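Source file: my_file-v4.cif (mmCIF, C-alpha atoms and all ligand atoms)
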data_start
#
loop_
_atom_site.label_atom_id
_atom_site.label_comp_id
_atom_site.auth_asym_id
_atom_site.auth_seq_id
_atom_site.Cartn_x
_atom_site.Cartn_y
_atom_site.Cartn_z
CA MET A 71 -2.65 -7.93 -8.83
CA GLN A 72 -1.59 -10.22 -5.94
CA TYR A 73 -2.23 -9.25 -2.33
CA PHE A 74 0.82 -7.94 -0.48
CA ALA A 75 1.99 -10.17 2.40
CA HIS A 76 0.41 -8.03 5.13
CA MET A 77 -3.00 -7.76 3.42
CA GLN A 78 -5.87 -9.63 5.04
CA GLU A 79 -8.30 -11.58 2.87
CA ILE A 80 -11.95 -11.73 3.92
CA LYS A 81 -14.71 -13.87 2.50
CA SER A 82 -17.11 -11.61 0.65
CA ASP A 83 -19.28 -11.99 -2.42
CA ILE A 84 -19.97 -8.27 -2.84
CA LEU A 85 -17.21 -7.67 -5.38
CA THR A 86 -18.56 -10.40 -7.66
CA LYS A 87 -22.11 -9.03 -7.35
CA VAL A 88 -21.03 -5.47 -8.16
CA LEU A 89 -18.79 -6.41 -11.07
CA THR A 90 -21.39 -8.72 -12.62
CA GLN A 91 -24.07 -6.03 -12.59
CA THR A 92 -21.67 -3.41 -13.89
CA LYS A 93 -20.20 -5.53 -16.67
CA ASP A 94 -23.66 -6.34 -18.00
CA TYR A 95 -24.90 -2.75 -17.83
CA ASN A 96 -25.72 -1.36 -21.25
CA GLU A 97 -27.21 2.08 -20.80
CA ASN A 98 -28.61 2.01 -24.35
CA GLU A 99 -31.10 -0.66 -23.32
CA PHE A 100 -33.11 1.87 -21.31
CA ASN A 101 -35.75 4.18 -22.73
CA LYS A 102 -37.82 7.10 -21.50
CA ASP A 103 -40.53 4.82 -20.07
CA ASP A 104 -37.93 3.01 -17.97
CA VAL A 105 -36.79 6.34 -16.53
CA LEU A 106 -40.36 7.43 -15.79
CA ASP A 107 -41.02 4.06 -14.18
CA ALA A 108 -37.99 4.60 -11.92
CA LEU A 109 -39.19 8.10 -11.04
CA ASN A 110 -42.60 6.75 -10.07
CA SER A 111 -41.24 3.93 -7.91
CA GLU A 112 -41.26 4.34 -4.15
CA TYR A 113 -38.27 2.03 -3.65
CA LEU A 114 -35.87 1.60 -6.52
CA SER A 115 -34.67 -1.70 -7.94
CA VAL A 116 -31.22 -2.12 -9.48
CA GLU A 117 -32.87 -1.91 -12.91
CA ASN A 118 -34.47 1.41 -11.91
CA LEU A 119 -31.05 2.73 -10.91
CA LYS A 120 -29.59 1.68 -14.25
CA ALA A 121 -32.36 3.57 -16.04
CA LEU A 122 -31.70 6.72 -14.02
CA LEU A 123 -28.00 6.61 -14.94
CA SER A 124 -28.61 6.15 -18.66
CA SER A 125 -28.14 8.88 -21.29
CA VAL A 126 -31.86 9.05 -21.92
CA ALA A 127 -32.39 10.12 -18.29
CA GLU A 128 -30.23 13.18 -18.97
CA ASP A 129 -33.12 14.60 -21.01
CA LEU A 130 -35.36 14.23 -17.97
CA ILE A 131 -32.99 15.96 -15.56
CA GLU A 132 -35.66 18.39 -14.29
CA GLU A 133 -37.84 15.44 -13.24
CA LEU A 134 -34.87 13.74 -11.57
CA VAL A 135 -34.03 16.90 -9.68
CA PHE A 136 -37.62 17.37 -8.53
CA LYS A 137 -37.84 13.84 -7.13
CA ALA A 138 -34.37 13.98 -5.56
CA ALA A 139 -35.17 17.25 -3.79
CA LYS A 140 -38.36 15.72 -2.39
CA ILE A 141 -36.53 12.69 -1.04
CA LYS A 142 -33.73 14.82 0.38
CA GLN A 143 -36.36 16.87 2.21
CA ARG A 144 -38.08 13.75 3.53
CA TYR A 145 -34.95 12.15 5.00
CA PHE A 146 -32.70 15.12 5.82
CA GLY A 147 -35.03 18.13 6.00
CA ASN A 148 -33.05 21.35 5.58
CA ASN A 149 -29.96 19.89 7.25
CA ILE A 150 -26.53 20.12 5.67
CA SER A 151 -23.69 18.43 7.57
CA LEU A 152 -20.35 20.22 7.51
CA PHE A 153 -16.81 18.88 7.84
CA THR A 154 -13.32 19.73 6.73
CA PRO A 155 -10.44 17.59 5.51
CA LEU A 156 -7.07 17.73 7.25
CA TYR A 157 -4.06 16.52 5.27
CA LEU A 158 -1.54 14.92 7.63
CA SER A 159 1.03 13.88 5.03
CA ASN A 160 1.51 13.97 1.27
CA PHE A 161 4.22 11.33 1.08
CA CYS A 162 3.06 8.43 -1.05
CA ASN A 163 4.48 5.24 -2.47
CA SER A 164 1.68 4.66 -4.96
CA LYS A 165 1.57 5.85 -8.53
CA CYS A 166 -1.95 6.87 -9.45
CA VAL A 167 -1.66 8.75 -12.72
CA TYR A 168 -4.40 11.28 -11.90
CA CYS A 169 -2.99 12.37 -8.52
CA GLY A 170 -0.53 15.10 -7.61
CA PHE A 171 0.79 13.12 -4.63
CA GLN A 172 1.94 10.17 -6.74
CA LYS A 173 5.42 8.83 -6.12
CA GLY A 174 8.00 10.56 -8.29
CA ASN A 175 5.93 13.72 -8.87
CA LYS A 176 8.14 16.67 -7.98
CA ILE A 177 6.19 18.43 -5.28
CA VAL A 178 7.10 19.65 -1.81
CA ARG A 179 6.49 16.72 0.56
CA ALA A 180 5.69 17.09 4.24
CA LYS A 181 4.24 15.23 7.20
CA LEU A 182 2.81 16.88 10.28
CA ASN A 183 4.28 15.99 13.67
CA GLU A 184 2.10 15.70 16.78
CA ASN A 185 2.55 19.32 17.69
CA GLU A 186 1.61 20.47 14.20
CA ILE A 187 -1.42 18.15 14.10
CA ARG A 188 -2.57 19.76 17.32
CA GLN A 189 -2.04 23.28 15.93
CA GLU A 190 -3.97 22.44 12.77
CA MET A 191 -6.83 20.99 14.80
CA GLN A 192 -6.93 23.96 17.14
CA ALA A 193 -7.20 26.30 14.15
CA ILE A 194 -9.99 24.19 12.61
CA SER A 195 -11.97 23.76 15.82
CA LYS A 196 -11.98 27.54 16.33
CA THR A 197 -14.16 27.80 13.21
CA GLY A 198 -16.88 25.83 15.01
CA LEU A 199 -16.52 22.65 12.95
CA GLN A 200 -16.98 19.41 14.90
CA GLU A 201 -16.30 16.87 12.19
CA ILE A 202 -12.89 16.21 10.68
CA LEU A 203 -11.66 13.91 7.95
CA MET A 204 -7.94 13.12 8.14
CA LEU A 205 -6.02 12.17 5.03
CA THR A 206 -2.59 10.81 4.14
CA GLY A 207 -0.95 9.41 1.04
CA GLU A 208 -0.30 5.67 0.89
CA GLY A 209 2.64 3.97 2.56
CA ARG A 210 2.94 2.69 6.09
CA GLU A 211 6.58 3.76 6.12
CA PHE A 212 5.49 7.39 5.84
CA ALA A 213 2.34 7.39 7.97
CA SER A 214 2.14 4.25 10.10
CA VAL A 215 -1.10 2.86 11.51
CA GLU A 216 0.12 3.99 14.95
CA TYR A 217 0.75 7.53 13.64
CA ILE A 218 -2.79 7.72 12.23
CA ALA A 219 -4.22 6.21 15.44
CA ARG A 220 -2.41 8.87 17.48
CA ALA A 221 -3.84 11.56 15.19
CA CYS A 222 -7.33 10.14 15.89
CA GLU A 223 -6.63 10.28 19.61
CA ILE A 224 -5.61 13.94 19.36
CA ALA A 225 -8.61 14.70 17.14
CA LYS A 226 -10.89 13.33 19.86
CA GLU A 227 -9.84 16.26 22.05
CA TYR A 228 -11.14 18.76 19.49
CA PHE A 229 -13.92 17.10 17.46
CA LYS A 230 -17.01 14.95 17.93
CA VAL A 231 -16.90 13.10 14.62
CA ILE A 232 -13.66 11.71 13.24
CA GLY A 233 -13.11 10.07 9.90
CA VAL A 234 -10.08 8.92 7.97
CA GLU A 235 -9.36 8.75 4.27
CA VAL A 236 -6.07 6.88 4.29
CA TYR A 237 -4.72 3.65 2.80
CA ALA A 238 -6.86 0.51 3.08
CA MET A 239 -6.24 -1.44 6.29
CA ASN A 240 -6.87 -4.83 7.89
CA VAL A 241 -9.66 -5.41 10.42
CA ASP A 242 -7.37 -5.26 13.48
CA GLU A 243 -5.86 -1.99 12.24
CA TYR A 244 -9.28 -0.44 11.77
CA LYS A 245 -10.12 -1.70 15.27
CA LEU A 246 -7.16 0.21 16.66
CA LEU A 247 -8.27 3.40 14.89
CA HIS A 248 -11.81 2.90 16.18
CA GLU A 249 -10.53 2.47 19.76
CA LYS A 250 -8.70 5.78 19.40
CA GLY A 251 -11.82 7.65 18.34
CA CYS A 252 -12.29 7.11 14.61
CA ASP A 253 -15.82 6.31 13.48
CA PHE A 254 -15.81 6.73 9.72
CA VAL A 255 -13.70 5.30 6.94
CA THR A 256 -13.70 6.73 3.44
CA ILE A 257 -12.20 4.78 0.58
CA PHE A 258 -12.64 5.84 -3.03
CA GLN A 259 -12.35 2.96 -5.47
CA GLU A 260 -11.70 5.57 -8.20
CA THR A 261 -12.88 3.18 -10.93
CA TYR A 262 -14.66 -0.17 -10.68
CA ASN A 263 -13.28 -1.35 -14.00
CA PRO A 264 -10.46 -3.69 -12.89
CA LEU A 265 -8.61 -3.43 -16.20
CA LYS A 266 -8.68 0.36 -16.25
CA TYR A 267 -7.79 0.33 -12.55
CA SER A 268 -4.62 -1.65 -13.21
CA LYS A 269 -3.60 0.75 -15.98
CA ILE A 270 -3.78 3.86 -13.82
CA HIS A 271 -2.59 2.48 -10.47
CA LEU A 272 0.93 1.61 -11.43
CA ALA A 273 2.61 0.88 -8.10
CA GLY A 274 2.09 0.61 -4.36
CA GLU A 275 -0.59 -0.92 -2.15
CA LYS A 276 -3.36 0.91 -3.92
CA SER A 277 -2.72 -1.12 -7.04
CA VAL A 278 -4.39 -4.15 -5.38
CA PHE A 279 -7.97 -3.63 -6.60
CA GLU A 280 -9.73 -6.30 -4.54
CA TYR A 281 -8.06 -5.43 -1.23
CA ARG A 282 -9.13 -1.84 -1.70
CA PHE A 283 -12.66 -2.84 -2.68
CA ASN A 284 -13.15 -4.82 0.54
CA ALA A 285 -11.84 -2.04 2.80
CA GLN A 286 -15.27 -0.73 3.81
CA GLU A 287 -16.39 -4.23 4.76
CA ARG A 288 -13.26 -4.73 6.90
CA ALA A 289 -13.89 -1.35 8.53
CA LEU A 290 -17.46 -2.33 9.43
CA LYS A 291 -16.25 -5.68 10.76
CA ALA A 292 -13.94 -3.65 12.99
CA GLY A 293 -16.91 -1.78 14.44
CA MET A 294 -16.72 1.52 12.56
CA ARG A 295 -19.94 3.51 12.62
CA GLY A 296 -19.96 4.32 8.95
CA VAL A 297 -18.21 4.09 5.63
CA ALA A 298 -18.02 6.23 2.53
CA PHE A 299 -17.63 5.39 -1.15
CA GLY A 300 -16.75 7.17 -4.35
CA ALA A 301 -15.56 6.73 -7.90
CA LEU A 302 -13.47 9.44 -9.49
CA LEU A 303 -15.90 10.14 -12.29
CA GLY A 304 -14.27 10.67 -15.65
CA ILE A 305 -11.51 8.10 -15.24
CA ASP A 306 -13.57 5.47 -17.04
CA ASP A 307 -17.21 5.14 -18.20
CA PHE A 308 -18.77 7.35 -15.55
CA ARG A 309 -22.21 5.72 -15.82
CA LYS A 310 -20.79 2.28 -15.03
CA ASP A 311 -18.62 3.66 -12.25
CA ALA A 312 -21.59 5.50 -10.72
CA LEU A 313 -23.65 2.31 -10.91
CA ALA A 314 -20.89 0.28 -9.23
CA THR A 315 -20.43 2.86 -6.47
CA ALA A 316 -24.13 2.83 -5.59
CA LEU A 317 -24.28 -0.97 -5.71
CA HIS A 318 -21.17 -1.32 -3.56
CA ALA A 319 -22.88 0.76 -0.87
CA TYR A 320 -26.25 -0.96 -1.41
CA PHE A 321 -25.01 -4.55 -1.07
CA LEU A 322 -22.94 -3.69 1.98
CA GLN A 323 -25.89 -1.89 3.53
CA GLN A 324 -27.87 -5.12 3.28
CA LEU A 325 -25.20 -6.82 5.40
CA TYR A 326 -24.82 -3.91 7.85
CA PRO A 327 -28.25 -2.26 8.05
CA ASN A 328 -27.35 -0.21 11.13
CA ALA A 329 -24.19 1.33 9.71
CA GLU A 330 -24.12 4.79 8.15
CA PHE A 331 -23.38 5.06 4.47
CA SER A 332 -22.14 7.97 2.48
CA VAL A 333 -21.31 8.47 -1.19
CA SER A 334 -19.33 11.21 -2.90
CA ILE A 335 -19.35 12.40 -6.49
CA PRO A 336 -15.78 13.53 -7.16
CA ARG A 337 -14.69 13.99 -10.76
CA LEU A 338 -11.24 14.46 -12.21
CA ARG A 339 -9.55 17.76 -11.44
CA PRO A 340 -6.32 19.25 -12.83
CA ILE A 341 -3.20 18.33 -10.80
CA LEU A 342 0.26 19.85 -10.37
CA ASN A 343 2.72 18.86 -13.12
CA ASN A 344 0.17 17.18 -15.37
CA ALA A 345 -1.59 19.54 -17.76
CA LYS A 346 -3.29 16.61 -19.51
CA ILE A 347 -5.66 15.85 -16.62
CA HIS A 348 -8.99 17.54 -17.28
CA PRO A 349 -12.54 16.48 -16.57
CA LYS A 350 -13.94 15.61 -19.96
CA ASP A 351 -17.31 14.06 -20.42
CA VAL A 352 -18.58 14.49 -16.86
CA ASN A 353 -20.08 17.95 -17.12
CA GLU A 354 -22.16 19.49 -14.34
CA ARG A 355 -25.44 18.28 -15.81
CA ARG A 356 -24.17 14.70 -15.77
CA LEU A 357 -22.75 15.10 -12.29
CA LEU A 358 -26.17 16.29 -11.19
CA GLN A 359 -27.76 13.27 -12.86
CA VAL A 360 -25.48 10.93 -10.90
CA LEU A 361 -26.24 12.77 -7.68
CA CYS A 362 -30.00 12.48 -8.25
CA ALA A 363 -29.72 8.78 -9.10
CA TYR A 364 -27.78 8.19 -5.87
CA ARG A 365 -30.34 10.15 -3.85
CA LEU A 366 -33.25 8.14 -5.24
CA PHE A 367 -31.54 4.76 -4.90
CA LEU A 368 -29.92 5.35 -1.49
CA PRO A 369 -32.36 7.71 0.24
CA PHE A 370 -30.77 7.34 3.71
CA ALA A 371 -27.17 7.78 2.59
CA HIS A 372 -25.31 11.03 2.94
CA ILE A 373 -24.20 12.48 -0.38
CA THR A 374 -21.14 14.67 -0.10
CA ILE A 375 -20.34 17.48 -2.49
CA SER A 376 -16.66 18.31 -2.60
CA SER A 377 -14.92 21.67 -2.77
CA ARG A 378 -13.47 20.49 -6.08
CA GLU A 379 -16.70 21.85 -7.53
CA ARG A 380 -17.43 25.55 -8.02
CA LYS A 381 -19.43 27.31 -5.36
CA GLY A 382 -22.49 28.08 -7.52
CA PHE A 383 -22.89 24.40 -8.30
CA ARG A 384 -22.37 23.33 -4.68
CA ASP A 385 -24.86 25.89 -3.41
CA GLU A 386 -27.52 24.50 -5.75
CA VAL A 387 -26.98 20.77 -5.24
CA ILE A 388 -27.29 21.01 -1.48
CA LYS A 389 -30.88 22.04 -2.10
CA LEU A 390 -31.45 19.24 -4.59
CA GLY A 391 -29.98 16.10 -3.06
CA ALA A 392 -26.57 16.48 -1.43
CA SER A 393 -26.65 16.44 2.37
CA LYS A 394 -23.04 17.04 3.31
CA MET A 395 -20.34 19.48 2.23
CA SER A 396 -16.79 20.44 3.14
CA ALA A 397 -16.08 23.95 4.41
CA GLY A 398 -12.93 25.96 5.11
CA VAL A 399 -10.92 23.59 2.94
CA SER A 400 -7.11 23.80 2.69
CA VAL A 401 -5.51 20.94 0.81
CA GLY A 402 -1.88 21.90 1.40
CA ILE A 403 -0.03 20.34 4.36
CA GLY A 404 -0.05 22.71 7.35
CA GLU A 405 -2.22 25.38 5.72
CA HIS A 406 -4.78 25.71 8.51
CA MET A 407 -2.13 27.01 10.91
CA GLY A 408 -0.90 29.39 8.22
CA GLU A 409 2.42 27.63 7.53
CA LYS A 410 2.08 25.59 4.39
CA LYS A 411 4.78 22.90 4.50
CA GLY A 412 3.74 20.68 1.62
CA ASP A 413 1.91 20.91 -1.72
CA GLU A 414 -1.70 20.05 -2.40
CA GLN A 415 -3.17 16.94 -4.03
CA PHE A 416 -5.40 18.75 -6.53
CA GLU A 417 -6.90 22.15 -7.18
CA ILE A 418 -10.08 23.12 -5.39
CA SER A 419 -12.70 25.44 -6.82
CA ASP A 420 -14.50 26.50 -3.67
CA ASN A 421 -12.19 27.87 -0.99
CA ARG A 422 -14.83 29.65 1.10
CA SER A 423 -14.24 29.83 4.84
CA VAL A 424 -16.55 28.11 7.31
CA LYS A 425 -18.07 31.51 8.11
CA GLU A 426 -18.85 32.16 4.46
CA ILE A 427 -20.43 28.72 4.08
CA LEU A 428 -22.54 29.31 7.20
CA THR A 429 -23.76 32.61 5.79
CA MET A 430 -24.64 30.98 2.47
CA LEU A 431 -26.58 28.24 4.28
CA GLU A 432 -28.48 30.76 6.34
CA ASN A 433 -29.37 32.80 3.26
CA SER A 434 -30.59 29.61 1.58
CA LYS A 435 -32.70 28.74 4.63
CA LEU A 436 -30.65 25.60 5.24
CA GLN A 437 -29.50 24.36 8.63
CA ALA A 438 -25.81 23.70 9.24
CA VAL A 439 -25.20 20.51 11.24
CA MET A 440 -21.80 20.37 12.90
CA SER A 441 -22.38 16.95 14.43
CA ASP A 442 -25.33 14.58 14.61
CA TYR A 443 -23.54 12.48 17.18
CA VAL A 444 -24.68 12.49 20.78
CA GLY A 445 -22.14 10.69 22.87
S1 LIG B 1 -4.48 8.88 -4.99
FE1 LIG B 1 -3.73 8.40 -2.95
S2 LIG B 1 -2.48 6.57 -3.25
FE2 LIG B 1 -2.75 7.46 -5.28
S3 LIG B 1 -0.95 8.76 -5.58
FE3 LIG B 1 -2.59 10.02 -4.69
S4 LIG B 1 -2.25 10.00 -2.49
FE4 LIG B 1 -1.08 8.33 -3.41
#
Will you turn the file into structure tokens for me?
Ligand code: SF4
Amino acid sequence: MQYFAHMQEIKSDILTKVLTQTKDYNENEFNKDDVLDALNSEYLSVENLKALLSSVAEDLIEELVFKAAKIKQRYFGNNISLFTPLYLSNFCNSKCVYCGFQKGNKIVRAKLNENEIRQEMQAISKTGLQEILMLTGEGREFASVEYIARACEIAKEYFKVIGVEVYAMNVDEYKLLHEKGCDFVTIFQETYNPLKYSKIHLAGEKSVFEYRFNAQERALKAGMRGVAFGALLGIDDFRKDALATALHAYFLQQLYPNAEFSVSIPRLRPILNNAKIHPKDVNERRLLQVLCAYRLFLPFAHITISSRERKGFRDEVIKLGASKMSAGVSVGIGEHMGEKKGDEQFEISDNRSVKEILTMLENSKLQAVMSDYVG
């Protein structure tokens, strides 16, 4: 897919490196000894990571969990960082077949105005949260860069840590967001298989695979403090997509050693008006395997566990490797202030309030971290 006229090209060899490693990955080439070798390594090679993501490593899940929990403890102690997403708009001009916001899907669309953004933020900040992640659908005509920058500026009045999960931008646009208070950029590549990507991203800016792939690098060039990655596991071969996600973060970390990196492990969830979308082969055991492989390969990176997952699973994985979780999640537009104006993107499984999450953490002898940012 060709770049759109406004899209900035940057020189980067990371895409080629990631795709080469992923294309050549044959999980059947790894045996039990390779997995044990990876588990006994202090610092993992790419080959070690491939072994940990193979089917044979599934049979050694207890060993993976044990090692991941040890590493989590070494780098994060009992800390669990908390944040909540805030949906600013669900208008979208892209057509991603797995998403409820896709253009043409008959849902109630809405976009928050400045006053409503403020009300939503006031409601969230009263819960004690200090980190917010703002989201929109794609399409500058619906949510312009200036609109998102203004939302960052307002967020600065209420929160210490501000992130965005919006459409991919150019370096100067990320710079504007950073000037207005944004520090973190999340972009999910969804799948790293370019062919599959083109089949499920049918229209809009998001259909340009390479521009999206380079978004984190443009964000770091713009001075952002950190970037986050994720593949929507279950869209394609989840082992290859997990490998590519970890390598994307790893190669970029080599270029930007002082930046903060974060990976998520979302998997497909049912959406409004599409009964066919169901997570298939990525069961919880496999999701846990991916999480452990990420923890071992990227020991410093945050691993976020989404409220798409059920609470029992979330409560366990924060002891075993995940270091960050969402709390008090409302995915409808305007839901925090109690006036839902627009429909949600997908169903969530864990809708516990911030208070309930704090109680759970306390009972599990874990420490909630609202912000690790002094400044
Ligand atoms: S995934 Fe994002 S870009 Fe794609 S349809 Fe949904 S909101 Fe739009």
When the cut-off is 9 Å and you count only C-alpha atoms and all ligand atoms, which residues lie near ligand LIG 1 (chain B), shown as a PDB file with C-alpha atoms, keeping the file's coordinate frame?
ATOM      1  CA  ASN A 160       1.510  13.970   1.270  1.00  0.00           C
ATOM      2  CA  PHE A 161       4.220  11.330   1.080  1.00  0.00           C
ATOM      3  CA  CYS A 162       3.060   8.430  -1.050  1.00  0.00           C
ATOM      4  CA  ASN A 163       4.480   5.240  -2.470  1.00  0.00           C
ATOM      5  CA  SER A 164       1.680   4.660  -4.960  1.00  0.00           C
ATOM      6  CA  LYS A 165       1.570   5.850  -8.530  1.00  0.00           C
ATOM      7  CA  CYS A 166      -1.950   6.870  -9.450  1.00  0.00           C
ATOM      8  CA  VAL A 167      -1.660   8.750 -12.720  1.00  0.00           C
ATOM      9  CA  TYR A 168      -4.400  11.280 -11.900  1.00  0.00           C
ATOM     10  CA  CYS A 169      -2.990  12.370  -8.520  1.00  0.00           C
ATOM     11  CA  GLY A 170      -0.530  15.100  -7.610  1.00  0.00           C
ATOM     12  CA  PHE A 171       0.790  13.120  -4.630  1.00  0.00           C
ATOM     13  CA  GLN A 172       1.940  10.170  -6.740  1.00  0.00           C
ATOM     14  CA  LYS A 173       5.420   8.830  -6.120  1.00  0.00           C
ATOM     15  CA  LEU A 205      -6.020  12.170   5.030  1.00  0.00           C
ATOM     16  CA  THR A 206      -2.590  10.810   4.140  1.00  0.00           C
ATOM     17  CA  GLY A 207      -0.950   9.410   1.040  1.00  0.00           C
ATOM     18  CA  GLU A 208      -0.300   5.670   0.890  1.00  0.00           C
ATOM     19  CA  GLY A 209       2.640   3.970   2.560  1.00  0.00           C
ATOM     20  CA  VAL A 236      -6.070   6.880   4.290  1.00  0.00           C
ATOM     21  CA  TYR A 237      -4.720   3.650   2.800  1.00  0.00           C
ATOM     22  CA  PHE A 258     -12.640   5.840  -3.030  1.00  0.00           C
ATOM     23  CA  GLU A 260     -11.700   5.570  -8.200  1.00  0.00           C
ATOM     24  CA  HIS A 271      -2.590   2.480 -10.470  1.00  0.00           C
ATOM     25  CA  ALA A 273       2.610   0.880  -8.100  1.00  0.00           C
ATOM     26  CA  GLY A 274       2.090   0.610  -4.360  1.00  0.00           C
ATOM     27  CA  GLU A 275      -0.590  -0.920  -2.150  1.00  0.00           C
ATOM     28  CA  LYS A 276      -3.360   0.910  -3.920  1.00  0.00           C
ATOM     29  CA  SER A 277      -2.720  -1.120  -7.040  1.00  0.00           C
ATOM     30  CA  GLN A 415      -3.170  16.940  -4.030  1.00  0.00           C
TER      31      GLN A 415
END
**Shell around Lys120 of chain A at 10 Å using all atoms listed in the file, local window under 3 positions removed, as number ranges by chain** = A: 91-92, 95-97, 99-100, 104-105, 108, 114-117, 123-124, 127, 309-310, 312-313, 363
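Nearest to Lys394 of chain A of all the residues A:Ala138, A:Ile375, A:Ala292, A:Ile427 is A:Ile375, based on only C-alpha atoms.
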**Request:** Can you pull out every residue within 12 Å of Ala319 of chain A, counting all atoms listed in the file, but drop anything in the same chain fewer than 2 positions away, and send it as a ChimeraX atom specification?
**Result:** /A:84-85,87-88,256-259,283-287,296-301,312-317,321-327,329-334,364,367-373
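One distance worth recording is that between atom CA of Lys245 of chain A and atom CA of Arg288 of chain A, which is 9.4 Å.
Atom CA of Leu130 of chain A to atom CA of Leu431 of chain A spans 27.7 Å [interatomic distance, one decimal].
Distance annotation: of A:Phe146, A:Tyr262, A:Tyr267, A:Tyr281, the residue with the minimal separation from Phe308 of chain A is A:Tyr262; atom set is all atoms listed in the file.
Closest approach to Ile187 of chain A from the set A:Leu272, A:Met407, A:Leu265, A:Leu366 is made by A:Met407, with distances taken over all atoms listed in the file.
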**Request:** Considering only C-alpha atoms, return as number ranges by chain whatever protein or nucleic-acid residues lie within 8 Å of Lys142 of chain A, sequence-local ones (same chain, fewer than 6 positions apart) excluded.
**Result:** A: 365, 369, 390-393
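The space between atom CA of Leu303 of chain A and atom CA of His406 of chain A spans 28.3 Å.
Nearest-residue note for Gly293 of chain A: choosing from A:Asn328, A:Asn148, A:Ser423, A:Asn110, the minimum distance belongs to A:Asn328, counting all atoms listed in the file.
With all atoms listed in the file as the basis for measurement, A:Ile403 is the residue among A:Leu247, A:Ala438, A:Ile403, A:Ala75 that approaches Glu190 of chain A most closely.
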Mind giving me the axis-aligned box for segment 319-334 of chain A with 5 Å on every side, centre plus edges in Å to one decimal, as lines of an AutoDock Vina configuration file?
center_x = -23.8
center_y = 2.2
center_z = 4.1
size_x = 18.9
size_y = 28.0
size_z = 24.0
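With all atoms listed in the file as the atoms that count, the residue of A:Glu280, A:Asp94, A:Glu249, A:Glu354 with the shortest distance to Met294 of chain A is A:Glu249.
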